[in-house]
Structures are given as C-alpha cells and as structure tokens.
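Source file: coords.pdb. Holds: PDB, C-alpha atoms.
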```pdb
MODEL        1
ATOM      1  CA  MET T  12     -33.220  15.597  -3.024
ATOM      2  CA  GLU T  13     -30.886  17.559  -0.771
ATOM      3  CA  GLN T  14     -27.229  16.489  -1.073
ATOM      4  CA  THR T  15     -24.923  16.762   1.937
ATOM      5  CA  ILE T  16     -21.294  15.660   2.362
ATOM      6  CA  ARG T  17     -19.728  15.422   5.803
ATOM      7  CA  VAL T  18     -17.275  13.490   7.968
ATOM      8  CA  LEU T  19     -18.888  10.418   9.522
ATOM      9  CA  ASN T  20     -18.847   9.746  13.261
ATOM     10  CA  LEU T  21     -19.756   6.908  15.607
ATOM     11  CA  GLU T  22     -23.450   7.799  15.508
ATOM     12  CA  ASP T  23     -23.539   7.185  11.741
ATOM     13  CA  LEU T  24     -23.084   3.412  11.866
ATOM     14  CA  PRO T  25     -26.846   2.752  11.446
ATOM     15  CA  TYR T  26     -26.795   4.756   8.196
ATOM     16  CA  LEU T  27     -23.932   2.606   6.915
ATOM     17  CA  GLU T  28     -25.728  -0.592   7.887
ATOM     18  CA  GLU T  29     -28.782   0.510   5.907
ATOM     19  CA  MET T  30     -26.798   0.952   2.690
ATOM     20  CA  GLU T  31     -27.321  -1.635  -0.055
ATOM     21  CA  THR T  32     -23.875  -1.947  -1.611
ATOM     22  CA  GLY T  33     -24.045  -5.532  -2.807
ATOM     23  CA  ILE T  34     -20.947  -6.337  -0.724
ATOM     24  CA  GLU T  35     -21.395  -9.323   1.555
ATOM     25  CA  ASP T  36     -19.652  -9.101   4.948
ATOM     26  CA  ASP T  37     -18.194  -5.651   4.225
ATOM     27  CA  TYR T  38     -15.083  -5.151   6.378
ATOM     28  CA  VAL T  39     -15.749  -1.402   6.585
ATOM     29  CA  LYS T  40     -18.620  -2.120   8.962
ATOM     30  CA  ARG T  41     -16.317  -4.193  11.188
ATOM     31  CA  ILE T  42     -13.674  -1.468  11.451
ATOM     32  CA  PHE T  43     -16.052   1.510  11.350
ATOM     33  CA  GLU T  44     -15.329   2.600  14.927
ATOM     34  CA  TRP T  45     -11.585   2.590  14.276
ATOM     35  CA  LEU T  46     -11.964   4.467  10.978
ATOM     36  CA  VAL T  47     -13.940   7.324  12.498
ATOM     37  CA  THR T  48     -11.864   7.689  15.690
ATOM     38  CA  SER T  49      -8.232   7.119  14.651
ATOM     39  CA  ASP T  50      -6.030  10.148  13.986
ATOM     40  CA  ASN T  51      -4.770   9.117  10.540
ATOM     41  CA  ASN T  52      -8.124   8.129   9.006
ATOM     42  CA  ARG T  53     -11.270   9.936   7.943
ATOM     43  CA  LEU T  54     -14.478   8.541   6.483
ATOM     44  CA  PHE T  55     -16.858  10.817   4.580
ATOM     45  CA  GLY T  56     -20.458  10.236   3.604
ATOM     46  CA  LEU T  57     -22.650  11.686   0.878
ATOM     47  CA  PHE T  58     -26.261  11.882   2.021
ATOM     48  CA  LEU T  59     -29.332  12.329  -0.137
ATOM     49  CA  ASP T  60     -31.891  13.739   2.265
ATOM     50  CA  ASN T  61     -31.471  11.409   5.266
ATOM     51  CA  GLN T  62     -30.094   8.423   3.346
ATOM     52  CA  LEU T  63     -26.370   7.599   3.203
ATOM     53  CA  ALA T  64     -25.824   7.056  -0.534
ATOM     54  CA  SER T  65     -22.027   6.895  -0.884
ATOM     55  CA  ILE T  66     -18.932   6.719   1.323
ATOM     56  CA  CYS T  67     -15.244   7.374   0.742
ATOM     57  CA  GLY T  68     -12.352   7.784   3.136
ATOM     58  CA  TYR T  69      -8.658   8.445   3.340
ATOM     59  CA  SER T  70      -5.650   7.295   5.346
ATOM     60  CA  LEU T  71      -2.561   9.409   6.013
ATOM     61  CA  PHE T  72       0.918   7.892   5.628
ATOM     62  CA  ALA T  73       4.286   9.403   6.515
ATOM     63  CA  LYS T  74       2.536  12.775   7.043
ATOM     64  CA  HIS T  75       2.845  13.612   3.329
ATOM     65  CA  TYR T  76       0.856  10.901   1.529
ATOM     66  CA  VAL T  77      -2.874  10.204   1.481
ATOM     67  CA  MET T  78      -4.502   7.043   0.155
ATOM     68  CA  LEU T  79      -8.166   7.243  -0.777
ATOM     69  CA  GLY T  80     -10.332   4.174  -0.326
ATOM     70  CA  ARG T  81     -13.381   2.423   1.121
ATOM     71  CA  ILE T  82     -15.430   3.773  -1.786
ATOM     72  CA  ARG T  83     -18.966   2.399  -1.650
ATOM     73  CA  SER T  84     -22.267   3.471  -3.183
ATOM     74  CA  ASP T  85     -25.803   2.347  -2.502
ATOM     75  CA  ILE T  86     -26.945   0.416  -5.578
ATOM     76  CA  ARG T  87     -30.296   2.208  -5.403
ATOM     77  CA  TYR T  88     -28.520   5.483  -6.278
ATOM     78  CA  ARG T  89     -26.009   4.291  -8.833
ATOM     79  CA  GLY T  90     -25.861   6.091 -12.145
ATOM     80  CA  LYS T  91     -25.861   9.506 -10.462
ATOM     81  CA  ASP T  92     -22.033   9.786 -10.374
ATOM     82  CA  LEU T  93     -22.145  10.103  -6.597
ATOM     83  CA  ALA T  94     -18.884   8.205  -6.055
ATOM     84  CA  THR T  95     -17.049  10.634  -8.328
ATOM     85  CA  VAL T  96     -18.533  13.655  -6.578
ATOM     86  CA  LEU T  97     -17.685  12.337  -3.130
ATOM     87  CA  THR T  98     -14.200  11.084  -3.994
ATOM     88  CA  GLY T  99     -13.360  14.438  -5.555
ATOM     89  CA  ARG T 100     -14.490  16.206  -2.386
ATOM     90  CA  VAL T 101     -12.457  13.850  -0.183
ATOM     91  CA  MET T 102      -9.410  14.449  -2.369
ATOM     92  CA  ASP T 103      -9.856  18.209  -1.957
ATOM     93  CA  GLU T 104     -10.138  17.799   1.819
ATOM     94  CA  ALA T 105      -6.967  15.688   1.903
ATOM     95  CA  PHE T 106      -4.974  18.355   0.066
ATOM     96  CA  LYS T 107      -6.029  20.865   2.724
ATOM     97  CA  LEU T 108      -3.877  18.999   5.241
ATOM     98  CA  PRO T 109      -0.796  21.205   5.660
ATOM     99  CA  GLU T 110       1.938  18.670   4.828
ATOM    100  CA  VAL T 111       0.172  16.482   2.254
ATOM    101  CA  GLN T 112       2.009  16.431  -1.089
ATOM    102  CA  TRP T 113       0.391  13.452  -2.853
ATOM    103  CA  VAL T 114      -3.069  11.837  -2.944
ATOM    104  CA  GLY T 115      -3.851   8.540  -4.625
ATOM    105  CA  ALA T 116      -5.883   5.358  -4.636
ATOM    106  CA  ASN T 117      -5.339   1.674  -5.316
ATOM    107  CA  THR T 118      -7.843  -0.445  -7.209
ATOM    108  CA  GLN T 119      -7.863  -3.797  -8.931
ATOM    109  CA  GLU T 120      -7.058  -3.690 -12.621
ATOM    110  CA  LYS T 121     -10.377  -5.421 -13.383
ATOM    111  CA  ASN T 122     -12.431  -2.944 -11.297
ATOM    112  CA  LEU T 123     -13.469  -0.774 -14.222
ATOM    113  CA  PRO T 124     -16.082   1.339 -12.355
ATOM    114  CA  ALA T 125     -13.524   2.405  -9.728
ATOM    115  CA  ARG T 126     -10.931   3.104 -12.408
ATOM    116  CA  ARG T 127     -13.400   5.309 -14.272
ATOM    117  CA  VAL T 128     -13.995   7.332 -11.102
ATOM    118  CA  LEU T 129     -10.265   7.875 -10.577
ATOM    119  CA  GLU T 130      -9.674   8.752 -14.222
ATOM    120  CA  LYS T 131     -12.528  11.282 -14.171
ATOM    121  CA  LEU T 132     -10.690  12.938 -11.287
ATOM    122  CA  GLU T 133      -7.543  13.048 -13.463
ATOM    123  CA  LEU T 134      -5.442  10.814 -11.250
ATOM    124  CA  THR T 135      -2.462   9.312 -13.083
ATOM    125  CA  PRO T 136      -2.173   5.491 -13.274
ATOM    126  CA  TYR T 137       1.094   3.727 -12.469
ATOM    127  CA  ALA T 138       2.205   0.237 -13.530
ATOM    128  CA  PRO T 139       0.048  -2.671 -12.262
ATOM    129  CA  ILE T 140       1.363  -4.582  -9.250
ATOM    130  CA  HIS T 141       0.726  -8.088  -7.912
ATOM    131  CA  GLY T 142       0.626  -8.367  -4.117
ATOM    132  CA  ALA T 143       2.106 -11.854  -3.681
ATOM    133  CA  THR T 144       2.251 -14.012  -0.555
ATOM    134  CA  THR T 145       3.792 -17.334   0.393
ATOM    135  CA  LYS T 146       4.995 -19.367   3.349
ATOM    136  CA  ASP T 147       7.727 -21.194   1.463
ATOM    137  CA  VAL T 148      10.504 -19.930  -0.813
ATOM    138  CA  SER T 149      12.686 -23.020  -0.453
ATOM    139  CA  LYS T 150      12.064 -24.080  -4.067
ATOM    140  CA  LEU T 151      13.676 -20.831  -5.224
ATOM    141  CA  ALA T 152      16.799 -21.213  -3.079
ATOM    142  CA  LYS T 153      19.976 -22.728  -4.558
ATOM    143  CA  GLY T 154      22.090 -23.271  -1.454
ATOM    144  CA  ALA T 155      24.041 -20.013  -1.771
ATOM    145  CA  PRO T 156      25.256 -18.016   1.252
ATOM    146  CA  VAL T 157      22.933 -15.527   2.921
ATOM    147  CA  TRP T 158      23.639 -11.899   2.030
ATOM    148  CA  HIS T 159      25.492  -9.521   4.348
ATOM    149  CA  GLU T 160      23.266  -7.430   6.607
ATOM    150  CA  ILE T 161      23.740  -3.664   6.405
ATOM    151  CA  THR T 162      23.624  -1.965   9.797
ATOM    152  CA  ASP T 163      25.215   1.342   8.815
ATOM    153  CA  LEU T 164      22.495   3.991   8.499
ATOM    154  CA  GLU T 165      24.392   5.998   5.900
ATOM    155  CA  ARG T 166      24.744   2.941   3.663
ATOM    156  CA  LYS T 167      20.989   2.376   3.882
ATOM    157  CA  LYS T 168      20.422   5.998   2.884
ATOM    158  CA  ILE T 169      22.714   5.622  -0.122
ATOM    159  CA  TRP T 170      20.723   2.650  -1.425
ATOM    160  CA  VAL T 171      17.242   4.175  -1.021
ATOM    161  CA  ASP T 172      18.423   7.516  -2.375
ATOM    162  CA  LYS T 173      19.856   5.868  -5.499
ATOM    163  CA  LEU T 174      16.996   3.458  -6.231
ATOM    164  CA  TYR T 175      13.984   5.410  -4.997
ATOM    165  CA  VAL T 176      14.374   9.026  -3.901
ATOM    166  CA  LYS T 177      16.266  10.228  -6.968
ATOM    167  CA  THR T 178      14.060   8.281  -9.366
ATOM    168  CA  GLY T 179      10.640   8.708  -7.746
ATOM    169  CA  ALA T 180      10.072   4.975  -8.265
ATOM    170  CA  ILE T 181       7.111   3.319  -6.587
ATOM    171  CA  PHE T 182       8.093   2.145  -3.103
ATOM    172  CA  PRO T 183       6.076  -0.489  -1.177
ATOM    173  CA  TYR T 184       5.842   1.456   2.082
ATOM    174  CA  GLU T 185       3.508  -1.082   3.705
ATOM    175  CA  CYS T 186       1.704  -4.204   2.594
ATOM    176  CA  TYR T 187      -1.130  -2.974   0.337
ATOM    177  CA  TYR T 188       0.229   0.593   0.287
ATOM    178  CA  SER T 189       2.826   1.761  -2.230
ATOM    179  CA  PHE T 190       3.749   5.347  -3.085
ATOM    180  CA  PRO T 191       5.984   7.275  -5.499
ATOM    181  CA  ALA T 192       9.141   7.753  -3.476
ATOM    182  CA  SER T 193      10.362  10.941  -1.873
ATOM    183  CA  LYS T 194      12.684  11.503   1.053
ATOM    184  CA  GLU T 195       9.681  11.731   3.395
ATOM    185  CA  LEU T 196       9.110   7.965   3.141
ATOM    186  CA  PHE T 197      12.590   7.212   4.475
ATOM    187  CA  THR T 198      12.948   8.788   7.895
ATOM    188  CA  GLU T 199      15.897   7.721  10.003
ATOM    189  CA  ASP T 200      13.545   6.027  12.469
ATOM    190  CA  GLU T 201      12.073   3.894   9.678
ATOM    191  CA  LEU T 202      15.449   3.029   8.180
ATOM    192  CA  LYS T 203      16.736   1.930  11.573
ATOM    193  CA  LYS T 204      13.789  -0.462  11.968
ATOM    194  CA  TRP T 205      14.062  -1.990   8.496
ATOM    195  CA  SER T 206      16.621  -4.717   7.817
ATOM    196  CA  PHE T 207      18.830  -4.243   4.751
ATOM    197  CA  PHE T 208      20.911  -6.953   3.093
ATOM    198  CA  GLU T 209      23.507  -6.590   0.350
ATOM    199  CA  ASN T 210      24.927  -9.175  -2.035
ATOM    200  CA  LYS T 211      28.645 -10.009  -2.115
ATOM    201  CA  LYS T 212      29.359  -7.731  -5.069
ATOM    202  CA  ALA T 213      27.425  -4.844  -3.481
ATOM    203  CA  THR T 214      25.349  -4.555  -6.677
ATOM    204  CA  ARG T 215      21.993  -5.550  -5.195
ATOM    205  CA  PHE T 216      20.163  -4.941  -1.936
ATOM    206  CA  LEU T 217      17.088  -6.289  -0.200
ATOM    207  CA  ILE T 218      14.815  -4.749   2.431
ATOM    208  CA  VAL T 219      12.782  -6.850   4.848
ATOM    209  CA  LYS T 220      10.514  -5.423   7.516
ATOM    210  CA  LYS T 221       7.676  -6.519   9.752
ATOM    211  CA  ASP T 222       4.091  -5.590   9.009
ATOM    212  CA  ILE T 223       0.759  -6.557  10.494
ATOM    213  CA  LYS T 224      -2.523  -6.423   8.651
ATOM    214  CA  LYS T 225      -4.819  -9.451   8.920
ATOM    215  CA  HIS T 226      -1.672 -11.560   9.407
ATOM    216  CA  HIS T 227       1.926 -10.997  10.391
ATOM    217  CA  TYR T 228       4.006 -10.381   7.280
ATOM    218  CA  LEU T 229       7.653 -10.335   6.389
ATOM    219  CA  HIS T 230       7.369  -7.452   3.931
ATOM    220  CA  THR T 231      10.125  -8.031   1.390
ATOM    221  CA  ILE T 232      11.318  -5.425  -1.112
ATOM    222  CA  TYR T 233      13.619  -6.197  -4.040
ATOM    223  CA  PRO T 234      13.526  -3.650  -6.902
ATOM    224  CA  TRP T 235      15.150  -5.631  -9.730
ATOM    225  CA  ASN T 236      13.792  -8.106 -12.282
ATOM    226  CA  ASP T 237      16.497 -10.784 -11.849
ATOM    227  CA  LEU T 238      14.648 -12.641  -9.101
ATOM    228  CA  ALA T 239      15.773 -16.073 -10.300
ATOM    229  CA  GLU T 240      19.359 -15.095 -10.992
ATOM    230  CA  GLN T 241      20.790 -13.634  -7.793
ATOM    231  CA  PRO T 242      22.616 -16.231  -5.634
ATOM    232  CA  GLY T 243      21.607 -15.944  -2.003
ATOM    233  CA  LEU T 244      18.541 -13.754  -2.504
ATOM    234  CA  TRP T 245      15.972 -16.381  -1.584
ATOM    235  CA  GLU T 246      18.210 -17.877   1.101
ATOM    236  CA  THR T 247      18.323 -14.438   2.734
ATOM    237  CA  ILE T 248      14.557 -14.044   2.535
ATOM    238  CA  ASP T 249      14.028 -17.546   3.926
ATOM    239  CA  ALA T 250      16.370 -16.908   6.879
ATOM    240  CA  ALA T 251      14.622 -13.617   7.727
ATOM    241  CA  TYR T 252      11.223 -15.310   7.450
ATOM    242  CA  ARG T 253      12.221 -18.108   9.816
ATOM    243  CA  ARG T 254      13.430 -15.568  12.366
ATOM    244  CA  LEU T 255      10.151 -13.661  12.182
ATOM    245  CA  CYS T 256       8.109 -16.870  12.567
ATOM    246  CA  GLN T 257      10.032 -17.698  15.737
ATOM    247  CA  GLU T 258       9.604 -14.146  17.019
ATOM    248  CA  VAL T 259       5.845 -13.762  16.567
ATOM    249  CA  GLY T 260       4.773 -17.366  17.082
ATOM    250  CA  GLU T 261       1.644 -16.816  14.976
ATOM    251  CA  ASP T 262       0.487 -17.290  11.401
ATOM    252  CA  THR T 263       3.069 -15.462   9.303
ATOM    253  CA  LEU T 264       3.480 -14.887   5.562
ATOM    254  CA  ILE T 265       6.062 -13.459   3.200
ATOM    255  CA  TRP T 266       4.706 -10.525   1.196
ATOM    256  CA  MET T 267       6.337  -9.209  -1.987
ATOM    257  CA  ASP T 268       5.010  -6.721  -4.532
ATOM    258  CA  PHE T 269       5.789  -7.797  -8.089
ATOM    259  CA  THR T 270       5.460  -5.880 -11.320
ATOM    260  CA  LYS T 271       4.149  -7.943 -14.201
ATOM    261  CA  VAL T 272       7.736  -8.262 -15.472
ATOM    262  CA  GLN T 273       8.942  -9.528 -12.106
ATOM    263  CA  ALA T 274       6.043 -11.966 -11.813
ATOM    264  CA  SER T 275       6.822 -13.402 -15.252
ATOM    265  CA  ALA T 276      10.474 -13.817 -14.217
ATOM    266  CA  LEU T 277       9.597 -16.140 -11.327
ATOM    267  CA  PRO T 278      10.455 -19.807 -11.945
ATOM    268  CA  GLN T 279       7.474 -22.022 -12.718
ATOM    269  CA  ASN T 280       7.867 -23.936  -9.445
ATOM    270  CA  HIS T 281       7.390 -20.885  -7.192
ATOM    271  CA  ASP T 282       4.883 -21.097  -4.342
ATOM    272  CA  PHE T 283       3.717 -17.479  -4.389
ATOM    273  CA  GLU T 284      -0.004 -16.795  -4.522
ATOM    274  CA  LEU T 285      -0.282 -13.920  -6.985
ATOM    275  CA  SER T 286      -3.232 -11.594  -6.501
ATOM    276  CA  SER T 287      -5.069 -10.066  -9.422
ATOM    277  CA  PRO T 288      -3.086  -6.975 -10.480
ATOM    278  CA  TRP T 289      -3.741  -3.707  -8.703
ATOM    279  CA  ILE T 290      -3.218  -0.278 -10.221
ATOM    280  CA  LEU T 291      -2.035   2.696  -8.198
ATOM    281  CA  TYR T 292      -3.433   6.079  -9.228
ATOM    282  CA  GLY T 293      -2.246   9.389  -7.886
ATOM    283  CA  THR T 294      -1.630  13.094  -8.218
ATOM    284  CA  GLY T 295       0.373  15.596  -6.243
ATOM    285  CA  ARG T 296       3.139  18.045  -5.832
ATOM    286  CA  LEU T 297       6.010  15.949  -4.511
ATOM    287  CA  LYS T 298       9.187  17.969  -4.192
ATOM    288  CA  SER T 299      11.740  17.503  -6.930
ATOM    289  CA  ASN T 300      13.695  14.427  -5.930
ATOM    290  CA  HIS T 301      16.748  15.605  -7.824
ATOM    291  CA  ASN T 302      16.963  18.778  -5.782
ATOM    292  CA  GLN T 303      16.748  17.191  -2.360
TER
ENDMDL
END
```
Written as structure tokens, that's how I'd like the structure from this file.
Amino acid sequence: MEQTIRVLNLEDLPYLEEMETGIEDDYVKRIFEWLVTSDNNRLFGLFLDNQLASICGYSLFAKHYVMLGRIRSDIRYRGKDLATVLTGRVMDEAFKLPEVQWVGANTQEKNLPARRVLEKLELTPYAPIHGATTKDVSKLAKGAPVWHEITDLERKKIWVDKLYVKTGAIFPYECYYSFPASKELFTEDELKKWSFFENKKATRFLIVKKDIKKHHYLHTIYPWNDLAEQPGLWETIDAAYRRLCQEVGEDTLIWMDFTKVQASALPQNHDFELSSPWILYGTGRLKSNHNQ
C-alpha cells in the first residue's frame, strides 16, 4: 500500500468521517474546519492508498511553543505503528517553523498507547498534573483579608522571572496547555492582561486570568504547595471569581492545575473536581533561562 503524509484541508472531511477510530462523538470532526483554516493550527493525515489511516496535528503558542495533539488512528490499521510515524513527521514539521524552540504533547497518565508513541519519539515526560475545576472555594476560605493586587509591570516581571523563567518550571499558559517556562511566555502584553495578587508579607503571589474553552474560566495559578496554609489565598480567588461571573454573565468555572503534591495538600472538604492526571511530554532547544 502506498503511504502518503500531507496537510489536511477542507476537502478532506469525508476521509475523516470514514475513519473508524472507536471514538464516539469525536470533537475533531466538529472543529475540523477551524483546525484546517486557522493560522496557529495544522492537521496532518497519513493515507494508505486512498484511505485516511491516522491523523495528528499541532497548535502554536506564544510563537515559540508547539503542542502536538488530535492523534487518531483507524482501528483497521492499528499495529502498523502509523501514529508514531505520523507524529514524528508532524514534530519535524513543527521544528521547521522559524521561531519554534519546544515541541510537546499532553496525554492522560492512563493512556498507555499514546505514552508509548511519545516515548518512542524520545520526548521527555514531566510531572503529572491534575486539571481541577470548581464553582465554589468558600469551604477553603477562613475569613482573611483579600491579597493586595499588583499593578506595577516591573513587579510582575520580578515574580515570574524568579519562579518560572530562571527555573524553567512548568507554567500553565492556558487551561489545558502548560509549558516549560521561558521569557517568551511572559510578554508585556500578556502580563498587563493578567491580574497578580501578593500576600501581606510579599512572600507569595497569585495569578488569575480569563480563559475560554468550552466554558469561561478563571484560570488561577499558584506555584506553592501550601494551599491550605496561606491566609487570604482562597478569599482572593473567590473575589476574582465573583467579579468574572458578573462580567461574563455565563457559566463560569475556576480552573487550577495541581501537581499530585498540591492535590494531596487540599483539605478533605474541597469542592474541586480533579481530573485524571495528565502528563506533559516535550523536547526542544529553549534558550538558557539563566542567561536571559
């Protein structure tokens, strides 16, 4: 059988619809038009003769990061390592983009077939993360004052430089999408849009920002493990959440990414819905954070 790999276009939707992936109500079909026409996304297909046997795509973030995803294979062709072949090709294509420094993928910890594909491609795994959501953090609040909001851009830069840029720690750039930090994730335009809050002792900070995926989210970022011990943390999150609910007037959730250590530190009466852990894999040539 002749094997061909190419970028998919609008005319390829019938090929996708003919695939037997075993996925009921696959969202990729619903957003196919957007995936193949938007500037920051590409979707590739591996064809055997005239049959679409596997798909894989990528999304570009902050000009320097690429996230692989939407990996699907027709069950009639499984066992031929097609997903590995295609994903490797898509990764190569992503690195051809002039400013891309890092390419990775996110998969559930329990998704062993996907993890095997990424490990065959020699992508490095990072610590598992729970994407957690809730509409109510009142049980975690203790009546302490809300933290002081930071409006000074230079102070924001100091915090992200100390906690993320210099360490290369994983930063939750968007809901569902985290990356090893570099200065490219923290443009002045982004920092101006994000709200920063600092505790009274100036030893802790919190970032909250708006995001829209299926729902409106208050995307909340707190990089320490003492979630139950910081007076005012949850009061600050609750106040920001209430403001966002009033602003958007639609179904809104709080989103926080928790490491397993952070998740275990939550009090038993928390109302977060913890997803199954996800593992970020990646490889790249990010510039030395210590020399920036």
task: Return as a ChimeraX atom specification the set of residues that the PyMOL selection byres ((chain T and resi 89-100) around 7) yields on the displayed structure.
output: /T:57,65,67,84-88,101-104,128,132
query: Can you tell me how far CA of Ile82 in chain T sits from CA of Ala125 in chain T, in Å to one decimal?
result: 8.3 Å
- request: Tell me which protein, DNA and RNA residues are within 9 Å of Leu46 in chain T, counting all atoms listed in the file, leaving out same-chain ones fewer than 5 positions away, and put them as a ChimeraX atom specification.
  value: /T:20,39,51-54,68,70
- prompt: Can you tell me, as JSON, numbers by chain, which residues sit within 9 Å of (-3.2, 2.1, -1.3) in the file's frame, using all atoms listed in the file?
  reply: {"T": [70, 77, 78, 79, 80, 115, 116, 117, 118, 185, 186, 187, 188, 189, 190, 291, 292]}
query: Pick from T:Glu29, T:Glu22, T:Asp50, T:Glu35: nearest to Leu71 in chain T, with all atoms listed in the file counted?
result: T:Asp50
